[in-house]
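K.L.:
Contents of target00.pdb (PDB, C-alpha atoms) are given next:
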ATOM      1  CA  MET S   1     -25.315  14.079 -27.576
ATOM      2  CA  PRO S   2     -21.900  15.085 -26.181
ATOM      3  CA  LEU S   3     -21.640  16.622 -22.721
ATOM      4  CA  LEU S   4     -19.052  19.176 -23.808
ATOM      5  CA  ARG S   5     -20.259  21.942 -26.093
ATOM      6  CA  ALA S   6     -18.322  22.449 -29.336
ATOM      7  CA  GLU S   7     -16.835  25.735 -28.119
ATOM      8  CA  ASP S   8     -15.725  24.198 -24.796
ATOM      9  CA  ARG S   9     -14.122  21.388 -26.735
ATOM     10  CA  ARG S  10     -12.225  23.821 -28.947
ATOM     11  CA  GLN S  11     -11.036  25.743 -25.906
ATOM     12  CA  LEU S  12      -9.924  22.531 -24.179
ATOM     13  CA  GLU S  13      -8.065  21.443 -27.315
ATOM     14  CA  GLN S  14      -6.021  24.649 -27.130
ATOM     15  CA  ILE S  15      -5.443  24.399 -23.373
ATOM     16  CA  PHE S  16      -4.324  20.772 -23.546
ATOM     17  CA  ALA S  17      -2.163  21.312 -26.638
ATOM     18  CA  SER S  18      -0.281  24.161 -24.988
ATOM     19  CA  GLN S  19      -0.186  23.008 -21.364
ATOM     20  CA  LEU S  20       0.157  19.222 -21.277
ATOM     21  CA  THR S  21       3.679  17.810 -21.396
ATOM     22  CA  ASP S  22       3.645  14.178 -20.219
ATOM     23  CA  PRO S  23       0.814  11.647 -20.501
ATOM     24  CA  VAL S  24      -1.816  11.448 -17.779
ATOM     25  CA  THR S  25      -3.876   8.366 -17.017
ATOM     26  CA  LEU S  26      -7.292   8.790 -15.476
ATOM     27  CA  VAL S  27      -8.362   5.584 -13.763
ATOM     28  CA  LEU S  28     -12.129   5.602 -13.392
ATOM     29  CA  PHE S  29     -13.873   3.214 -11.036
ATOM     30  CA  THR S  30     -17.475   2.848 -12.055
ATOM     31  CA  GLN S  31     -20.147   0.199 -12.221
ATOM     32  CA  HIS S  32     -20.884  -2.062 -15.106
ATOM     33  CA  ASP S  33     -23.839  -0.913 -17.182
ATOM     34  CA  SER S  34     -26.457  -3.541 -16.538
ATOM     35  CA  PRO S  35     -30.056  -3.997 -17.559
ATOM     36  CA  LEU S  36     -30.636  -5.079 -13.979
ATOM     37  CA  VAL S  37     -30.999  -2.224 -11.548
ATOM     38  CA  ILE S  38     -29.906  -3.121  -8.063
ATOM     39  CA  PRO S  39     -31.244  -0.241  -5.975
ATOM     40  CA  ALA S  40     -28.550  -0.226  -3.288
ATOM     41  CA  GLN S  41     -25.793  -0.291  -5.895
ATOM     42  CA  GLU S  42     -27.154   2.258  -8.294
ATOM     43  CA  CYS S  43     -24.593   4.932  -9.045
ATOM     44  CA  GLN S  44     -26.372   8.133 -10.083
ATOM     45  CA  THR S  45     -23.493   9.838 -11.865
ATOM     46  CA  CYS S  46     -21.296   6.950 -13.053
ATOM     47  CA  ARG S  47     -22.504   6.928 -16.622
ATOM     48  CA  GLU S  48     -22.206  10.691 -17.060
ATOM     49  CA  THR S  49     -18.758  10.784 -15.442
ATOM     50  CA  ARG S  50     -17.565   8.080 -17.822
ATOM     51  CA  GLU S  51     -18.934   9.962 -20.846
ATOM     52  CA  LEU S  52     -17.274  13.174 -19.692
ATOM     53  CA  LEU S  53     -13.876  11.480 -19.260
ATOM     54  CA  GLU S  54     -14.216   9.687 -22.608
ATOM     55  CA  GLU S  55     -14.784  13.056 -24.261
ATOM     56  CA  LEU S  56     -11.726  14.515 -22.510
ATOM     57  CA  ALA S  57      -9.532  11.550 -23.492
ATOM     58  CA  ASP S  58     -10.734  12.030 -27.049
ATOM     59  CA  ILE S  59      -9.515  15.650 -27.096
ATOM     60  CA  SER S  60      -5.868  14.947 -26.296
ATOM     61  CA  ASP S  61      -3.547  12.005 -27.054
ATOM     62  CA  LYS S  62      -1.866  12.744 -23.733
ATOM     63  CA  ILE S  63      -4.985  11.847 -21.738
ATOM     64  CA  LYS S  64      -5.630   8.132 -21.304
ATOM     65  CA  LEU S  65      -8.708   6.676 -19.681
ATOM     66  CA  GLU S  66      -8.740   3.334 -17.876
ATOM     67  CA  VAL S  67     -12.168   2.152 -16.859
ATOM     68  CA  LYS S  68     -12.401  -0.239 -13.913
ATOM     69  CA  ASP S  69     -15.364  -2.011 -12.431
ATOM     70  CA  PHE S  70     -15.874  -1.338  -8.734
ATOM     71  CA  ILE S  71     -17.122  -4.880  -8.114
ATOM     72  CA  ARG S  72     -14.942  -6.888 -10.488
ATOM     73  CA  ASP S  73     -11.773  -4.923  -9.695
ATOM     74  CA  ALA S  74     -12.556  -4.709  -5.986
ATOM     75  CA  SER S  75      -9.074  -5.549  -4.738
ATOM     76  CA  GLU S  76      -7.504  -2.845  -6.899
ATOM     77  CA  ALA S  77     -10.164  -0.404  -5.685
ATOM     78  CA  ARG S  78      -9.239  -1.224  -2.086
ATOM     79  CA  THR S  79      -5.533  -0.760  -2.793
ATOM     80  CA  LEU S  80      -6.213   2.665  -4.285
ATOM     81  CA  GLY S  81      -8.487   3.672  -1.397
ATOM     82  CA  VAL S  82     -11.641   3.729  -3.486
ATOM     83  CA  HIS S  83     -14.701   3.066  -1.321
ATOM     84  CA  VAL S  84     -17.347   4.986  -3.281
ATOM     85  CA  ILE S  85     -17.985   5.537  -6.998
ATOM     86  CA  PRO S  86     -17.573   7.216  -9.374
ATOM     87  CA  ALA S  87     -13.912   7.676  -8.407
ATOM     88  CA  ILE S  88     -11.127   9.118 -10.552
ATOM     89  CA  ILE S  89      -7.457   8.470  -9.764
ATOM     90  CA  PHE S  90      -4.909  10.733 -11.480
ATOM     91  CA  GLN S  91      -1.678   9.061 -12.595
ATOM     92  CA  GLY S  92       1.201  11.016 -14.102
ATOM     93  CA  LYS S  93       4.119  12.988 -12.715
ATOM     94  CA  ASN S  94       2.454  13.552  -9.336
ATOM     95  CA  ARG S  95       4.480  12.483  -6.296
ATOM     96  CA  GLY S  96       1.467  11.994  -4.021
ATOM     97  CA  THR S  97      -2.043  10.674  -4.571
ATOM     98  CA  LEU S  98      -4.894  12.625  -6.195
ATOM     99  CA  ARG S  99      -8.441  11.286  -6.252
ATOM    100  CA  TYR S 100     -11.811  12.701  -7.193
ATOM    101  CA  PHE S 101     -15.035  11.154  -5.879
ATOM    102  CA  GLY S 102     -18.305  12.025  -7.602
ATOM    103  CA  ILE S 103     -18.894  13.824 -10.885
ATOM    104  CA  PRO S 104     -16.700  16.853 -11.606
ATOM    105  CA  SER S 105     -19.432  19.151 -12.936
ATOM    106  CA  GLY S 106     -19.994  22.900 -12.921
ATOM    107  CA  TYR S 107     -17.154  24.812 -11.306
ATOM    108  CA  GLU S 108     -15.499  21.533 -10.309
ATOM    109  CA  PHE S 109     -14.909  20.733 -13.964
ATOM    110  CA  SER S 110     -12.188  23.395 -14.042
ATOM    111  CA  VAL S 111     -10.614  21.701 -10.996
ATOM    112  CA  LEU S 112     -10.481  18.462 -12.982
ATOM    113  CA  VAL S 113      -8.844  20.217 -15.937
ATOM    114  CA  GLN S 114      -6.283  21.960 -13.707
ATOM    115  CA  ASP S 115      -5.468  18.664 -11.942
ATOM    116  CA  ILE S 116      -4.837  17.015 -15.318
ATOM    117  CA  ILE S 117      -2.465  19.860 -16.266
ATOM    118  CA  ASP S 118      -0.589  19.747 -12.933
ATOM    119  CA  VAL S 119      -0.238  15.956 -13.013
ATOM    120  CA  SER S 120       1.012  16.118 -16.606
ATOM    121  CA  ASN S 121       3.680  18.652 -15.685
ATOM    122  CA  GLY S 122       4.536  17.449 -12.184
ATOM    123  CA  THR S 123       4.551  21.056 -11.030
ATOM    124  CA  THR S 124       2.090  23.452  -9.419
ATOM    125  CA  ARG S 125       1.731  27.180  -8.891
ATOM    126  CA  LEU S 126       2.413  26.802  -5.171
ATOM    127  CA  ALA S 127       4.862  29.219  -3.562
ATOM    128  CA  ALA S 128       8.476  28.095  -3.085
ATOM    129  CA  GLU S 129       8.041  28.271   0.703
ATOM    130  CA  THR S 130       5.025  25.932   0.557
ATOM    131  CA  ARG S 131       6.885  23.426  -1.610
ATOM    132  CA  GLU S 132       9.846  23.517   0.766
ATOM    133  CA  GLN S 133       7.616  22.740   3.749
ATOM    134  CA  LEU S 134       5.796  19.982   1.878
ATOM    135  CA  ALA S 135       9.136  18.370   1.022
ATOM    136  CA  LYS S 136       9.935  18.237   4.751
ATOM    137  CA  LEU S 137       6.740  16.438   5.795
ATOM    138  CA  ALA S 138       7.624  13.434   7.936
ATOM    139  CA  GLU S 139       4.262  11.726   8.072
ATOM    140  CA  PRO S 140       1.366  11.196   5.661
ATOM    141  CA  VAL S 141      -1.131  13.987   5.161
ATOM    142  CA  HIS S 142      -4.630  13.189   3.970
ATOM    143  CA  ILE S 143      -6.485  16.245   2.699
ATOM    144  CA  GLN S 144     -10.179  15.875   1.945
ATOM    145  CA  VAL S 145     -11.977  18.726   0.239
ATOM    146  CA  MET S 146     -15.748  18.468   0.438
ATOM    147  CA  VAL S 147     -17.578  20.238  -2.364
ATOM    148  CA  THR S 148     -21.037  20.390  -3.944
ATOM    149  CA  PRO S 149     -21.894  21.048  -7.587
ATOM    150  CA  THR S 150     -22.332  24.713  -8.504
TER
ATOM    151  CA  MET X   1       0.055  19.717  -2.865
ATOM    152  CA  ALA X   2      -0.354  16.046  -3.710
ATOM    153  CA  VAL X   3       1.431  16.769  -6.984
ATOM    154  CA  GLU X   4       4.400  18.139  -5.038
ATOM    155  CA  SER X   5       4.736  15.671  -2.151
ATOM    156  CA  GLU X   6       4.658  11.897  -1.975
ATOM    157  CA  LYS X   7       3.376  12.243   1.586
ATOM    158  CA  VAL X   8       0.184  13.974   0.489
ATOM    159  CA  THR X   9      -3.079  12.341  -0.560
ATOM    160  CA  ALA X  10      -5.647  14.843  -1.779
ATOM    161  CA  ASP X  11      -9.275  13.880  -2.304
ATOM    162  CA  VAL X  12     -12.100  15.963  -3.694
ATOM    163  CA  ILE X  13     -15.459  14.584  -2.604
ATOM    164  CA  GLU X  14     -18.713  15.683  -4.158
ATOM    165  CA  VAL X  15     -20.715  15.287  -0.953
ATOM    166  CA  SER X  16     -24.196  15.683  -2.404
ATOM    167  CA  GLU X  17     -23.611  12.244  -3.957
ATOM    168  CA  PHE X  18     -22.331  10.772  -0.717
ATOM    169  CA  PRO X  19     -24.582  11.969   2.123
ATOM    170  CA  LEU X  20     -23.039   9.484   4.564
ATOM    171  CA  ILE X  21     -19.632  11.124   4.160
ATOM    172  CA  ALA X  22     -21.229  14.564   4.578
ATOM    173  CA  ARG X  23     -22.823  13.400   7.819
ATOM    174  CA  LEU X  24     -19.675  11.706   9.062
ATOM    175  CA  TYR X  25     -17.695  14.953   8.703
ATOM    176  CA  ASN X  26     -20.534  17.324   9.687
ATOM    177  CA  VAL X  27     -20.428  19.147   6.388
ATOM    178  CA  PHE X  28     -22.872  22.071   6.575
ATOM    179  CA  ALA X  29     -21.014  24.471   4.301
ATOM    180  CA  VAL X  30     -18.685  23.950   1.365
ATOM    181  CA  PRO X  31     -15.899  23.888   0.594
ATOM    182  CA  LYS X  32     -14.980  22.115   3.811
ATOM    183  CA  VAL X  33     -11.436  20.856   4.199
ATOM    184  CA  VAL X  34     -10.553  18.003   6.564
ATOM    185  CA  ILE X  35      -6.888  17.131   7.180
ATOM    186  CA  ASN X  36      -5.937  13.771   8.732
ATOM    187  CA  ASP X  37      -9.400  13.654  10.328
ATOM    188  CA  ARG X  38      -7.981  16.064  12.899
ATOM    189  CA  VAL X  39      -8.110  19.602  11.601
ATOM    190  CA  SER X  40     -10.919  21.092   9.552
ATOM    191  CA  PHE X  41     -12.066  24.442   8.251
ATOM    192  CA  GLU X  42     -14.707  25.868   5.958
ATOM    193  CA  GLY X  43     -14.255  28.244   3.060
ATOM    194  CA  ALA X  44     -11.251  29.320   1.057
ATOM    195  CA  MET X  45      -7.963  29.821   2.866
ATOM    196  CA  PRO X  46      -4.773  31.579   1.735
ATOM    197  CA  GLU X  47      -1.981  29.163   0.848
ATOM    198  CA  ALA X  48       0.276  30.026   3.808
ATOM    199  CA  LEU X  49      -2.556  29.446   6.300
ATOM    200  CA  PHE X  50      -3.549  26.226   4.566
ATOM    201  CA  LEU X  51       0.025  25.040   5.046
ATOM    202  CA  GLN X  52      -0.175  25.960   8.752
ATOM    203  CA  LYS X  53      -3.301  23.800   9.043
ATOM    204  CA  ILE X  54      -1.407  20.888   7.473
ATOM    205  CA  LEU X  55       1.451  21.269   9.942
ATOM    206  CA  GLU X  56      -1.094  21.481  12.781
ATOM    207  CA  ALA X  57      -2.636  18.218  11.595
ATOM    208  CA  THR X  58       0.667  16.370  11.688
ATOM    209  CA  ALA X  59       2.456  15.305  14.845
ATOM    210  CA  GLU X  60       5.001  18.131  14.775
ATOM    211  CA  GLY X  61       2.178  20.622  14.750
ATOM    212  CA  THR X  62       0.458  19.221  17.826
ATOM    213  CA  GLY X  63       3.597  19.180  19.946
ATOM    214  CA  PHE X  64       3.734  15.413  20.497
TER
END
Would you put the structure from the file into structure tokens?
P.N.:
Amino acid sequence: MPLLRAEDRRQLEQIFASQLTDPVTLVLFTQHDSPLVIPAQECQTCRETRELLEELADISDKIKLEVKDFIRDASEARTLGVHVIPAIIFQGKNRGTLRYFGIPSGYEFSVLVQDIIDVSNGTTRLAAETREQLAKLAEPVHIQVMVTPT
Amino acid sequence: MAVESEKVTADVIEVSEFPLIARLYNVFAVPKVVINDRVSFEGAMPEALFLQKILEATAEGTGF
């Protein structure tokens, strides 16, 4: 049973076909599906997040999915600043770092789609003044946006 | 913003999955934005003001 409804899928096909330019890689850190349930390590939304991203990658050739194991690929996780899972790292024409922790469901799904589009194009709808100021930043800026599913 | 600048790291965190993070940052309302662990605000903010908050959170903005 797919997570995306047929009509959503059709709509996404159109959006991706018209708005994606360069390839985007989504690196997903998750946990290995195991018959053993280790209570402290159980990730409630890992499986569903993986299914959702697999469906997205299936819609467009420009979206690639790389699945990593949080335990086995621990050093890579540390390098990418991944301390909780599920975690999605966006790789494309972005200059900075974009990460998503948790499942992008409900309203947040559209944030995921927009991030994919922006990373594919390397551009945003930000005002010229904002982009100018961002280009002048001298030190790192870490923006964390806390959300809940809606 | 992270698409535009190599200096920017932008994270979205679904806090209902990570209650420890919610507690660490005193998240009582969403969206809550935290910049460099120094400046935070709740709710949507116009782009120009958001940028001001970023500048505030960096050294130039604090007058050091």
K.L.:
Could you list the residues chosen by the PyMOL selection byres ((chain X) within 9 of (chain S)) in this structure as a ChimeraX atom specification?
P.N.:
/X:1-18,22,27,29-37,47-48,51,54-55,57-60
K.L.:
Can I get the selection written as an mmCIF file, keeping the file's coordinate frame, with C-alpha atoms?
P.N.:
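Output saved as part17.cif:
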data_model
loop_
_atom_site.group_PDB
_atom_site.id
_atom_site.type_symbol
_atom_site.label_atom_id
_atom_site.label_comp_id
_atom_site.auth_asym_id
_atom_site.auth_seq_id
_atom_site.Cartn_x
_atom_site.Cartn_y
_atom_site.Cartn_z
ATOM 1 C CA MET X 1 0.055 19.717 -2.865
ATOM 2 C CA ALA X 2 -0.354 16.046 -3.710
ATOM 3 C CA VAL X 3 1.431 16.769 -6.984
ATOM 4 C CA GLU X 4 4.400 18.139 -5.038
ATOM 5 C CA SER X 5 4.736 15.671 -2.151
ATOM 6 C CA GLU X 6 4.658 11.897 -1.975
ATOM 7 C CA LYS X 7 3.376 12.243 1.586
ATOM 8 C CA VAL X 8 0.184 13.974 0.489
ATOM 9 C CA THR X 9 -3.079 12.341 -0.560
ATOM 10 C CA ALA X 10 -5.647 14.843 -1.779
ATOM 11 C CA ASP X 11 -9.275 13.880 -2.304
ATOM 12 C CA VAL X 12 -12.100 15.963 -3.694
ATOM 13 C CA ILE X 13 -15.459 14.584 -2.604
ATOM 14 C CA GLU X 14 -18.713 15.683 -4.158
ATOM 15 C CA VAL X 15 -20.715 15.287 -0.953
ATOM 16 C CA SER X 16 -24.196 15.683 -2.404
ATOM 17 C CA GLU X 17 -23.611 12.244 -3.957
ATOM 18 C CA PHE X 18 -22.331 10.772 -0.717
ATOM 19 C CA ALA X 22 -21.229 14.564 4.578
ATOM 20 C CA VAL X 27 -20.428 19.147 6.388
ATOM 21 C CA ALA X 29 -21.014 24.471 4.301
ATOM 22 C CA VAL X 30 -18.685 23.950 1.365
ATOM 23 C CA PRO X 31 -15.899 23.888 0.594
ATOM 24 C CA LYS X 32 -14.980 22.115 3.811
ATOM 25 C CA VAL X 33 -11.436 20.856 4.199
ATOM 26 C CA VAL X 34 -10.553 18.003 6.564
ATOM 27 C CA ILE X 35 -6.888 17.131 7.180
ATOM 28 C CA ASN X 36 -5.937 13.771 8.732
ATOM 29 C CA ASP X 37 -9.400 13.654 10.328
ATOM 30 C CA GLU X 47 -1.981 29.163 0.848
ATOM 31 C CA ALA X 48 0.276 30.026 3.808
ATOM 32 C CA LEU X 51 0.025 25.040 5.046
ATOM 33 C CA ILE X 54 -1.407 20.888 7.473
ATOM 34 C CA LEU X 55 1.451 21.269 9.942
ATOM 35 C CA ALA X 57 -2.636 18.218 11.595
ATOM 36 C CA THR X 58 0.667 16.370 11.688
ATOM 37 C CA ALA X 59 2.456 15.305 14.845
ATOM 38 C CA GLU X 60 5.001 18.131 14.775
#
K.L.:
Mind giving me the straight-line distance from atom CA of S:Leu28 to atom CA of S:Glu51 in Å, one decimal?
P.N.:
11.0 Å
K.L.:
Could you pull the residues within 9 Å of S:His32, counting only C-alpha atoms, minus those fewer than 6 positions along the same chain, as number ranges by chain?
P.N.:
S: 68-72
K.L.:
For stretch 54-66 of chain S, find every residue with an atom within 9 Å (counting all atoms listed in the file), except residues of its own chain fewer than 3 positions away, and show them as a PyMOL selection string.
P.N.:
chain S and resi 2-4+9-10+12-13+16-17+20-29+49-51+116+120
K.L.:
Any chance you could work out the axis-aligned box around stretch 51-59 of chain X, listed atoms only, 4 Å on each side, giving centre and edge lengths in Å to one decimal, as lines of an AutoDock Vina configuration file?
P.N.:
center_x = -0.4
center_y = 20.6
center_z = 9.9
size_x = 13.8
size_y = 18.7
size_z = 17.8
K.L.:
Can you tell me how far atom CA of S:Arg5 sits from atom CA of S:Leu52, in Å to one decimal?
P.N.:
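According to the coordinates, atom CA of S:Arg5 and atom CA of S:Leu52 are separated by 11.3 Å.
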K.L.:
I need the residue nearest S:Val82 from this list: S:Phe109, S:Thr150, S:Thr30, S:Val67. Use only C-alpha atoms for the distance.
P.N.:
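Looking at the shortest contact to S:Val82, the residue is S:Thr30.
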K.L.:
Could you tell me how far atom CA of X:Phe28 lies from atom CA of S:Gly81, in Å and to one decimal?
P.N.:
24.7 Å
K.L.:
Between S:Ser75, S:Ala128, S:Cys46, S:Ile15, which is the closest to S:Gln114 once you count only C-alpha atoms?
P.N.:
S:Ile15
